[in-house]
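Asker: Got a structure for you, questions after.
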Amino acid sequence: MGIPESDLHQLMLRLGDRLAPTVLRGRIGLEKETLRVQAAGSIAQTPHPAGLGSALTHPYITTDYSEALLELVTPPFDDVRETLGFLQDLQAFAAARVGDEILWATSMPCAVSGEDSIPVAQYGHSNAGRMKTVYRIGLGHRYGRLMQVIAGVHFNYSPQPALWPVLADLRGATDDREFRDQCMMGMIRNLLRFGWLVPYLFGASPAVCNTFLDGRGAKLEDFDDDSSYLPLATSLRMGDIGYNNRKEADTGIKANYNSLAEYVDSLRCAITTESSEWARIGVKVNGDYRQLNANILQIENEYYSSVRPKQPLERFEKPTDALESRGIAYVELRSVDVNAQHPLGVDESQLRFLEAFCLTALLIPSAPLSESAMADIDANLLAVAHYGRKPGLMLRCERGPAALQDLGREILTLMRPVAAMLDQGLPGDPYRRSLSEQWGKVEQAALTPSARMLEDMMAREEGFYRYARRLSDQHREAFRSNCPLPREAELVELAQHSLTEQTAMEASDRYDFDSFLQRYFDGSLVGMSAARSFIR
């Protein structure tokens, strides 16, 4: 990688001389998706449970693409244990309010009876709610509904505000928004460069139910009559049958990460440039919307990237406008699979590693990304997703092809001084213990979650569905036995308030839906009251 460990070690010492370890530890939030599944094993067809509140206005419990795909969102905390504790309460609260349904424990979905069995999320009759639903209808027309019910965990990271003035001083810079945005975009570029390591270490989707494939699994092998897999895969979710931007790449649009301004400009180009392919779908046909527009991207969130710069939205603000106006508040790492071996899908050791990984990416140099470098990033991510545990797998890097194990050792070695500094004042050295755990996976691929999942399936002679169902049932019982919750009363009150808020929104719309969309896209709605971040 060409970055001496000694340089980062010296920087960490200089930061440590001037800052408490608590300032070096970031603020961590999570967004965890999970399907509601009927007792018989297929995707739930029921509406979003009223006991969970309004998916439009609830700050912590919403839905993603499907009405059945719950998304549990934690606020950011200064300690990952608090983040996990909040997620634990959210998931237990949800598990107790879905009747006889279960919350699916894996990234890849349960038995699927075709596209029509996947209900699109509904957000009520307000203009904001209708826009969210039409956007999802458009995704279904463009990419199919199957891809949209894959679940993941998004890791949200932001440095502590007190870090910035000291880091700027050590770099001879002025602590202003431009400096912070430059640093955050540099971190994003490094997370992209080294991002293949995340599915290698934490990928947990090497197999899938055949009902999901719908004829698209030609590259996969038969596990049994009902399941397909790739023997050396880490994350089919991040592979060809999962999330990717190849359709956008075919149109010539690719996000530019070399500065915030270039990133914003590249996405604005995509959301304002018509696509002849999407135009063939139609926008409003026989009075019904099929998509928000016929542009390359309907809105910014349609761009499927493993890393995103984020800024919380104010009312009807567009994400690009928020970034341009107030800069980057946090970075969203989206390449984490749901690990069925853990009830929450993630654990403390994993979050400690990802925090240290993000801080390392923030502090080391980060050159601009050329088109060839972006092609290398995409190729490495796909290679690791499909064949990450292949002995001797070669990846692309600036100095030429290199073995995955060698590159993994270099990254983990580089992270050592960061983990040591983060451990100061904490019992048991949790960051260095996590680093050691990940080192073991680099040395022995059999220790990765993907390998352990396949080993468990083979030992029990379970196909994907039976494996995922068994663990989903186990987690359901564990969550339902964990009541009452510390936040029970708070979550009940939030659910009730969110329903009231949705009703108020539906009663206060000023425009018909056509006018609302026009005003949203021309920016004239900014300043009006609305649900927070309603276009998630």
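In the structure tokens, the first chain shown is A, the next is B, and so on; residue numbers restart at 1 for each chain, and ligands run from 1 in the order shown.
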Counting only C-alpha atoms, which residues of segment 180-266 of chain A sit at most 6 Å from some atom of segment 372-386 of chain A, and what is each one's closest atom pair with its distance in Å to one decimal, listed by chain and rising residue number, as CSV?
Answerer:
```
residue,atom,partner,partner_atom,distance
A:Arg193,CA,A:Ile377,CA,5.8
A:Trp196,CA,A:Leu381,CA,4.8
A:Ala233,CA,A:His386,CA,4.3
A:Thr234,CA,A:Ala385,CA,5.1
A:Ser235,CA,A:Ala385,CA,4.6
A:Leu236,CA,A:Ala385,CA,5.9
A:Met238,CA,A:Ala385,CA,5.8
A:Gly239,CA,A:Ala385,CA,5.4
```
Asker: Can I get the selected residues back with N, CA and C atoms, as a PDB file, in the first residue's frame?
Answerer:
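The file below, selection-v7.pdb, is the result:
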```pdb
ATOM      1  N   ARG A 193     -10.983   1.785  -1.621  1.00  0.00           N
ATOM      2  CA  ARG A 193      -9.771   1.042  -2.001  1.00  0.00           C
ATOM      3  C   ARG A 193      -9.659  -0.275  -1.236  1.00  0.00           C
ATOM      4  N   TRP A 196     -12.834  -4.180  -0.071  1.00  0.00           N
ATOM      5  CA  TRP A 196     -12.984  -5.621  -0.289  1.00  0.00           C
ATOM      6  C   TRP A 196     -12.762  -6.402   0.996  1.00  0.00           C
ATOM      7  N   ALA A 233     -17.344 -18.399  -1.921  1.00  0.00           N
ATOM      8  CA  ALA A 233     -17.925 -17.058  -1.830  1.00  0.00           C
ATOM      9  C   ALA A 233     -17.917 -16.546  -0.396  1.00  0.00           C
ATOM     10  N   THR A 234     -17.912 -15.228  -0.273  1.00  0.00           N
ATOM     11  CA  THR A 234     -18.071 -14.588   1.037  1.00  0.00           C
ATOM     12  C   THR A 234     -19.418 -13.879   1.126  1.00  0.00           C
ATOM     13  N   SER A 235     -19.825 -13.199   0.033  1.00  0.00           N
ATOM     14  CA  SER A 235     -21.023 -12.365   0.095  1.00  0.00           C
ATOM     15  C   SER A 235     -21.698 -12.292  -1.272  1.00  0.00           C
ATOM     16  N   LEU A 236     -22.639 -13.209  -1.516  1.00  0.00           N
ATOM     17  CA  LEU A 236     -23.416 -13.109  -2.751  1.00  0.00           C
ATOM     18  C   LEU A 236     -24.217 -11.813  -2.780  1.00  0.00           C
ATOM     19  N   MET A 238     -23.119  -8.931  -2.196  1.00  0.00           N
ATOM     20  CA  MET A 238     -22.290  -7.930  -2.854  1.00  0.00           C
ATOM     21  C   MET A 238     -21.847  -8.371  -4.242  1.00  0.00           C
ATOM     22  N   GLY A 239     -22.348  -9.511  -4.712  1.00  0.00           N
ATOM     23  CA  GLY A 239     -21.942 -10.039  -6.003  1.00  0.00           C
ATOM     24  C   GLY A 239     -22.921  -9.726  -7.110  1.00  0.00           C
TER      25      GLY A 239
END
```
Asker: Hey, can you check how far atom CA of Ala361 of chain A sits from atom CA of Val80 of chain A?
Answerer: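 Computing the Euclidean distance for atom CA of Ala361 of chain A and atom CA of Val80 of chain A yields 18.5 Å.
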Asker: Please report, as CSV, each residue of segment 386-448 of chain A lying at most 10 Å from segment 202-221 of chain A, together with the nearest pair of atoms and the separation in Å rounded to one decimal; use only C-alpha atoms, and order rows by chain and ascending residue number.
Answerer:
```
residue,atom,partner,partner_atom,distance
A:His386,CA,A:Pro206,CA,8.0
A:Tyr387,CA,A:Pro206,CA,9.6
A:Gly388,CA,A:Gly203,CA,9.4
A:Gln438,CA,A:Phe202,CA,9.3
A:Lys441,CA,A:Phe202,CA,9.6
A:Thr448,CA,A:Phe202,CA,6.8
```
Asker: Residues as selected, C-alpha atoms, written as a CSV table (one decimal), in the first residue's frame, can you do that?
Answerer:
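Okay, this is what ended up in part_1.csv:
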```
chain,number,residue,atom,x,y,z
A,386,HIS,CA,-17.6,-14.6,-5.3
A,387,TYR,CA,-14.2,-16.2,-4.5
A,388,GLY,CA,-12.8,-14.5,-1.5
A,438,GLN,CA,-9.6,-10.4,12.0
A,441,LYS,CA,-9.5,-14.8,9.5
A,448,THR,CA,-14.7,-16.3,8.3
```
Asker: DSSP on the backbone, then: every residue of segment 375-463 of chain A marked strand (DSSP E or B), written as an MDAnalysis selection string.
Answerer: chainID A and resid 394:395 402:403
Asker: Go ahead and compute the interatomic distance for atom CA of Glu101 of chain A and atom CA of Val149 of chain A, in Å to one decimal.
Answerer: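 Interatomic distance, atom CA of Glu101 of chain A to atom CA of Val149 of chain A: 16.5 Å.
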Asker: Point out the residue among A:Gly195, A:Pro49, A:Gly408, A:Gly345 with the least atom-to-atom distance to Ser305 of chain A, counting only C-alpha atoms.
Answerer: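 For Ser305 of chain A, the nearest of the given residues is A:Gly195.
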Asker: Tell me which protein, DNA and RNA residues are within 12 Å of Ala39 of chain A, counting only C-alpha atoms, leaving out same-chain ones fewer than 3 positions away, and put them as an MDAnalysis selection string.
Answerer: chainID A and resid 36 42:45 98:104 110:111 469 472:473 476
Asker: Those residues you just picked out, can you put them in a file as a PDB file, in the first residue's frame with N, CA and C atoms?
Answerer:
```
ATOM      1  N   ARG A  36     -39.726  -9.315   7.502  1.00  0.00           N
ATOM      2  CA  ARG A  36     -40.781 -10.014   8.231  1.00  0.00           C
ATOM      3  C   ARG A  36     -41.229 -11.206   7.382  1.00  0.00           C
ATOM      4  N   SER A  42     -42.716 -17.701   3.893  1.00  0.00           N
ATOM      5  CA  SER A  42     -42.602 -16.759   2.781  1.00  0.00           C
ATOM      6  C   SER A  42     -42.683 -15.322   3.302  1.00  0.00           C
ATOM      7  N   ILE A  43     -42.411 -14.381   2.436  1.00  0.00           N
ATOM      8  CA  ILE A  43     -42.406 -12.971   2.827  1.00  0.00           C
ATOM      9  C   ILE A  43     -43.790 -12.545   3.307  1.00  0.00           C
ATOM     10  N   ALA A  44     -43.826 -11.839   4.419  1.00  0.00           N
ATOM     11  CA  ALA A  44     -45.096 -11.395   4.989  1.00  0.00           C
ATOM     12  C   ALA A  44     -45.824 -10.476   4.018  1.00  0.00           C
ATOM     13  N   GLN A  45     -47.136 -10.665   3.927  1.00  0.00           N
ATOM     14  CA  GLN A  45     -47.981  -9.831   3.069  1.00  0.00           C
ATOM     15  C   GLN A  45     -48.776  -8.814   3.870  1.00  0.00           C
ATOM     16  N   VAL A  98     -44.866  -8.363  15.925  1.00  0.00           N
ATOM     17  CA  VAL A  98     -45.129  -8.846  14.563  1.00  0.00           C
ATOM     18  C   VAL A  98     -45.973 -10.121  14.577  1.00  0.00           C
ATOM     19  N   GLY A  99     -46.678 -10.358  15.677  1.00  0.00           N
ATOM     20  CA  GLY A  99     -47.577 -11.512  15.745  1.00  0.00           C
ATOM     21  C   GLY A  99     -46.818 -12.816  15.627  1.00  0.00           C
ATOM     22  N   ASP A 100     -47.312 -13.718  14.759  1.00  0.00           N
ATOM     23  CA  ASP A 100     -46.647 -15.004  14.604  1.00  0.00           C
ATOM     24  C   ASP A 100     -45.585 -14.973  13.505  1.00  0.00           C
ATOM     25  N   GLU A 101     -45.289 -13.794  12.996  1.00  0.00           N
ATOM     26  CA  GLU A 101     -44.232 -13.661  12.000  1.00  0.00           C
ATOM     27  C   GLU A 101     -42.870 -13.721  12.687  1.00  0.00           C
ATOM     28  N   ILE A 102     -41.842 -13.949  11.891  1.00  0.00           N
ATOM     29  CA  ILE A 102     -40.477 -13.951  12.419  1.00  0.00           C
ATOM     30  C   ILE A 102     -39.657 -12.902  11.675  1.00  0.00           C
ATOM     31  N   LEU A 103     -38.570 -12.478  12.293  1.00  0.00           N
ATOM     32  CA  LEU A 103     -37.624 -11.563  11.663  1.00  0.00           C
ATOM     33  C   LEU A 103     -36.480 -12.403  11.097  1.00  0.00           C
ATOM     34  N   TRP A 104     -36.314 -12.357   9.791  1.00  0.00           N
ATOM     35  CA  TRP A 104     -35.366 -13.229   9.089  1.00  0.00           C
ATOM     36  C   TRP A 104     -33.934 -12.884   9.469  1.00  0.00           C
ATOM     37  N   CYS A 110     -35.883 -15.156   2.442  1.00  0.00           N
ATOM     38  CA  CYS A 110     -36.533 -16.447   2.630  1.00  0.00           C
ATOM     39  C   CYS A 110     -37.100 -16.928   1.299  1.00  0.00           C
ATOM     40  N   ALA A 111     -37.964 -17.926   1.354  1.00  0.00           N
ATOM     41  CA  ALA A 111     -38.619 -18.411   0.142  1.00  0.00           C
ATOM     42  C   ALA A 111     -39.411 -17.285  -0.508  1.00  0.00           C
ATOM     43  N   ARG A 469     -33.969 -20.470   8.663  1.00  0.00           N
ATOM     44  CA  ARG A 469     -35.197 -20.567   9.457  1.00  0.00           C
ATOM     45  C   ARG A 469     -34.885 -21.005  10.883  1.00  0.00           C
ATOM     46  N   SER A 472     -33.395 -18.053  12.670  1.00  0.00           N
ATOM     47  CA  SER A 472     -34.415 -17.008  12.845  1.00  0.00           C
ATOM     48  C   SER A 472     -35.349 -17.356  13.995  1.00  0.00           C
ATOM     49  N   ASP A 473     -35.755 -18.619  14.075  1.00  0.00           N
ATOM     50  CA  ASP A 473     -36.627 -19.055  15.168  1.00  0.00           C
ATOM     51  C   ASP A 473     -35.914 -18.937  16.515  1.00  0.00           C
ATOM     52  N   ARG A 476     -35.764 -15.320  17.505  1.00  0.00           N
ATOM     53  CA  ARG A 476     -37.099 -14.831  17.878  1.00  0.00           C
ATOM     54  C   ARG A 476     -37.399 -15.156  19.334  1.00  0.00           C
TER      55      ARG A 476
END
```
Asker: So that I can check the surroundings of Cys269 of chain A, please list as JSON, numbers by chain every protein, DNA and RNA residue that reaches within 12 Å of it, counting only C-alpha atoms and ignoring chain neighbours fewer than 2 positions away.
Answerer: {"A": [248, 251, 252, 253, 254, 255, 256, 262, 263, 264, 265, 266, 267, 271, 272, 273, 274, 275, 295, 296, 297, 298, 299, 300, 320]}
Asker: Deliver the residues from the most recent selection as a file, using C-alpha atoms, as a CSV table (one decimal), in the first residue's frame.
Answerer:
```
chain,number,residue,atom,x,y,z
A,248,GLU,CA,-25.7,3.0,-14.1
A,251,THR,CA,-25.1,4.6,-19.1
A,252,GLY,CA,-21.7,6.3,-18.5
A,253,ILE,CA,-22.6,7.6,-15.0
A,254,LYS,CA,-20.2,6.9,-12.2
A,255,ALA,CA,-19.9,8.7,-8.9
A,256,ASN,CA,-16.7,10.8,-8.6
A,262,GLU,CA,-17.3,16.4,-7.9
A,263,TYR,CA,-19.3,13.8,-6.1
A,264,VAL,CA,-22.3,16.2,-5.9
A,265,ASP,CA,-21.9,17.2,-9.6
A,266,SER,CA,-21.7,13.6,-10.7
A,267,LEU,CA,-24.9,12.6,-8.9
A,271,ILE,CA,-30.6,12.7,-11.4
A,272,THR,CA,-31.2,15.3,-14.2
A,273,THR,CA,-30.1,13.3,-17.3
A,274,GLU,CA,-32.8,11.3,-19.0
A,275,SER,CA,-32.2,7.6,-19.7
A,295,ASN,CA,-33.6,10.0,-15.5
A,296,ILE,CA,-30.6,7.8,-14.9
A,297,LEU,CA,-31.3,8.0,-11.2
A,298,GLN,CA,-34.7,9.0,-9.9
A,299,ILE,CA,-33.1,10.4,-6.8
A,300,GLU,CA,-29.6,10.2,-5.3
A,320,THR,CA,-26.9,16.6,-2.9
```
Asker: Atom CA of Ala294 of chain A to atom CA of Ser276 of chain A: how many Å, to one decimal?
Answerer: 7.8 Å
